[in-house]
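Reading through the structure tokens given below for one structure.
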Amino acid sequence: MLKAQKLTLAVLISAAIISSAQASEQSEAKGFVEDANGSILFRTGYISRDKKDGRADNSSFAQTAIVNIDSGFTPGIVGFGVGVVGDGSFKIGENKNAGNNMIPQHNDGSAYDHWARGGANVKARFSNTTVRYGTQVLDLPVLASNTARLVPEYFTGTLLTSHEIKDLEVVAGKFTKNQYSDQIATDQNGLDRAVVWGAKYKFDDQISGSYYGVDVKDKLDRHYVNVNYKQPLANDSSLTYDFSGYHTKFDKDANLSYATGPAGEDKTNNIWAISGTYATGPHSVMLAYQQNSGNIGYNYGLNQDGGQSVYLPNSYLSDFIGNDEKSAQIQYNLDFGKLGVLPGLNWTTAYVYGWDIKTSNGADDSNESEFFNQVKYTVQSGFAKGSSLRLRNSIHRADSAYTTDYMPDTNEWRIFLDIPVKLF
């Protein structure tokens, strides 16, 4: 399998480099300093999970400063540059019930008072192809850093990104370290090797498609596809159709702690989702259907594949990824700015119901549901432009058989205040 992946990757990259159809990004390089940019994101984060069924609650409250500095490229046929990413944080209050992947914990379970993480990277660019090696935050459907906690998840390795053909992006990479959001050590997860590849193409202004794959040594082999089509309608309205799906084969040493399946058999999961979104003026309504098949539920984040590698619509507090689970969602979004009320204010509410879940105790008709609400305000102008306050609430319920496998009934609050500061 890996040889075939390498061959496919080589063909894609060669075709991209040879068939250049647009101006070179490198030819427009202004300089190492001239194109540099740097920023600090000051974030105050709070997550509280009120768990039922006698389970212990979690509550985490902390402050961080996330630094991102990236140089430009030196002029010439091949340009070179460097980058730095990192964060420094401290807890607010005692955090006796810390958790939620927010705050690192000592061996006795107590929260760190303060901590810092990060690393550097180097990069080179030829034409429209960039190679970066070092500490990175990834945003790929099969290898995605968790950015939904206080600080981001980091990967260390090499990523090639090519835009040699107009509207086509080709990526390939190899990563050997993975540091989750609440971990101090740079390779606390023990990642041996994760090889990733893929491409996305914009056919025109209405339709786009993508494919990505990853091979995490001794853990899993995963493939992802997506097709998105936006149909313009009268009066600036639109209908957007989206299809996405994963196929995963888990190795015998994979961590499958919350994705139950039969013992002594190869574990495979297929999960796909289709959604339709109608948008008009300040309103949008989405309907989505998602389905698992195979002999195990979808599993991500526990096998060094990224804590956000679930690019599917029915994903909030629960991801509705149980063994054989089907789920349906209705979501409504309101942009208050388009109503002329308060520009920057947005409200999203959704209800998701999942059924036909197979559990470890032999049940095959378990169910779960989630009621989700989020209000976010982003400052539109002035000295605080770009700052945002986000309040999010989830109410998750499931029957007793599935709470044993997945999570207890939970009421969750997340509050995040983000203040970005541009350095240069």
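Labeling convention for the structure tokens: chains A, B, ... as they appear, residues from 1 per chain, ligands from 1 in order of appearance.
Of all the residues in stretch 20-265 of chain A, the ones DSSP labels as helix (DSSP H, G or I) from the backbone are A:Gln26, A:Ser27, A:Glu28, A:Ala234, A:Asn235, A:Asp236.
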Give me a file of those residues, with all heavy atoms, as a compact mmCIF listing (two decimals), in the first residue's frame.
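The result, stored in out_15.txt:
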# COMPACT_ATOMS: atom_id res chain seq x y z
N GLN A 26 7.59 32.58 -6.00
CA GLN A 26 8.95 32.89 -5.59
C GLN A 26 9.52 34.07 -6.37
O GLN A 26 10.31 34.86 -5.84
CB GLN A 26 9.85 31.66 -5.75
CG GLN A 26 11.30 31.87 -5.38
CD GLN A 26 11.49 32.44 -3.97
OE1 GLN A 26 10.66 32.23 -3.09
NE2 GLN A 26 12.58 33.17 -3.76
N SER A 27 9.12 34.22 -7.62
CA SER A 27 9.64 35.34 -8.42
C SER A 27 9.17 36.68 -7.87
O SER A 27 9.75 37.72 -8.18
CB SER A 27 9.19 35.19 -9.87
OG SER A 27 7.78 35.32 -9.98
N GLU A 28 8.12 36.66 -7.05
CA GLU A 28 7.58 37.89 -6.48
C GLU A 28 8.03 38.10 -5.03
O GLU A 28 7.52 38.99 -4.34
CB GLU A 28 6.05 37.87 -6.56
CG GLU A 28 5.53 37.79 -8.00
CD GLU A 28 4.02 37.61 -8.05
OE1 GLU A 28 3.39 37.50 -6.97
OE2 GLU A 28 3.47 37.57 -9.16
N ALA A 234 -31.65 33.09 -7.07
CA ALA A 234 -32.03 34.50 -7.21
C ALA A 234 -31.91 35.22 -5.86
O ALA A 234 -31.92 34.60 -4.79
CB ALA A 234 -33.47 34.59 -7.73
N ASN A 235 -31.79 36.53 -5.92
CA ASN A 235 -31.76 37.40 -4.74
C ASN A 235 -30.61 37.07 -3.80
O ASN A 235 -30.77 37.09 -2.56
CB ASN A 235 -33.10 37.31 -3.99
CG ASN A 235 -34.28 37.68 -4.86
OD1 ASN A 235 -34.22 38.66 -5.61
ND2 ASN A 235 -35.36 36.91 -4.77
N ASP A 236 -29.45 36.75 -4.37
CA ASP A 236 -28.24 36.46 -3.59
C ASP A 236 -28.41 35.28 -2.64
O ASP A 236 -27.72 35.17 -1.63
CB ASP A 236 -27.80 37.69 -2.78
CG ASP A 236 -27.28 38.80 -3.68
OD1 ASP A 236 -26.67 38.47 -4.71
OD2 ASP A 236 -27.49 39.98 -3.34
>> Please list as an NGL selection string every residue within 8 Å of stretch 77-84 of chain A, counting only C-alpha atoms and excluding residues in the same chain fewer than 5 positions away.
In response: :A and (26-27 or 29 or 32 or 67-72 or 118-127 or 135)
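For the pair atom CA of A:Asn373 and atom CA of A:Ala350, the separation is 6.6 Å.
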Mind checking which residues fall within 8 Å of stretch 307-324 of chain A, counting only C-alpha atoms, ignoring those fewer than 2 positions away in the same chain, and posting them as an mmCIF file with C-alpha atoms, in the first residue's frame?
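Output (result-v3.cif):
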data_model
loop_
_atom_site.group_PDB
_atom_site.id
_atom_site.type_symbol
_atom_site.label_atom_id
_atom_site.label_comp_id
_atom_site.auth_asym_id
_atom_site.auth_seq_id
_atom_site.Cartn_x
_atom_site.Cartn_y
_atom_site.Cartn_z
ATOM 1 C CA LEU A 140 -5.528 18.612 6.738
ATOM 2 C CA PRO A 141 -8.660 16.420 6.963
ATOM 3 C CA VAL A 142 -6.583 13.344 7.862
ATOM 4 C CA LEU A 143 -3.953 15.079 10.006
ATOM 5 C CA ALA A 144 -5.491 18.102 11.703
ATOM 6 C CA SER A 145 -4.134 19.846 14.794
ATOM 7 C CA ASN A 146 -6.663 20.429 17.543
ATOM 8 C CA THR A 147 -7.147 24.204 17.744
ATOM 9 C CA GLU A 153 -1.657 20.793 18.900
ATOM 10 C CA TYR A 180 -1.348 17.418 22.005
ATOM 11 C CA SER A 244 -17.500 13.925 2.586
ATOM 12 C CA GLY A 245 -16.309 10.535 3.735
ATOM 13 C CA ALA A 259 -14.592 2.952 19.223
ATOM 14 C CA THR A 260 -15.784 -0.505 20.202
ATOM 15 C CA GLY A 261 -15.707 -3.426 17.796
ATOM 16 C CA ILE A 271 -18.152 7.029 7.564
ATOM 17 C CA TRP A 272 -19.756 9.430 5.126
ATOM 18 C CA ALA A 273 -22.004 12.467 5.300
ATOM 19 C CA SER A 275 -25.466 17.980 3.692
ATOM 20 C CA ALA A 288 -27.212 16.743 7.189
ATOM 21 C CA TYR A 289 -27.168 12.956 7.265
ATOM 22 C CA GLN A 290 -24.149 10.942 8.464
ATOM 23 C CA GLN A 291 -23.590 7.164 8.556
ATOM 24 C CA ASN A 292 -20.984 4.696 9.829
ATOM 25 C CA SER A 293 -20.416 1.173 8.545
ATOM 26 C CA GLY A 294 -17.750 -1.493 8.993
ATOM 27 C CA ASN A 295 -17.153 -3.316 12.271
ATOM 28 C CA ILE A 296 -16.023 -0.408 14.454
ATOM 29 C CA GLY A 297 -16.812 3.264 15.017
ATOM 30 C CA TYR A 298 -14.760 6.108 13.581
ATOM 31 C CA ASN A 299 -11.769 6.925 15.805
ATOM 32 C CA TYR A 300 -9.498 9.968 15.673
ATOM 33 C CA GLY A 301 -7.039 11.820 17.884
ATOM 34 C CA LEU A 302 -5.875 8.789 19.868
ATOM 35 C CA ASP A 305 -3.639 11.480 13.650
ATOM 36 C CA LYS A 326 -26.631 6.860 11.674
ATOM 37 C CA SER A 327 -27.326 10.498 12.540
ATOM 38 C CA ALA A 328 -29.313 13.440 11.211
ATOM 39 C CA GLN A 329 -28.929 17.150 11.903
ATOM 40 C CA VAL A 352 -28.372 16.144 16.082
ATOM 41 C CA GLY A 354 -28.013 9.421 16.297
ATOM 42 C CA ASP A 356 -28.730 2.205 15.518
ATOM 43 C CA ILE A 357 -25.479 2.292 17.520
ATOM 44 C CA LYS A 358 -23.799 -1.044 18.268
ATOM 45 C CA THR A 359 -22.243 -1.157 21.749
ATOM 46 C CA GLU A 368 -27.631 9.701 21.427
ATOM 47 C CA GLU A 370 -27.116 16.801 21.207
ATOM 48 C CA PHE A 372 -25.966 22.869 20.438
ATOM 49 C CA SER A 394 -23.890 21.610 24.350
ATOM 50 C CA HIS A 396 -25.578 15.705 25.190
ATOM 51 C CA GLU A 412 -20.838 21.598 28.456
#
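Across the structure, atom CA of A:Phe416 and atom CA of A:Gly38 are spaced 21.9 Å apart.
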>> Report as an MDAnalysis selection string all protein, DNA and RNA residues lying within 10 Å of A:Ala56, evaluated on only C-alpha atoms, omitting residues in the same chain fewer than 4 positions from it.
In response: chainID A and resid 49:52 97 408
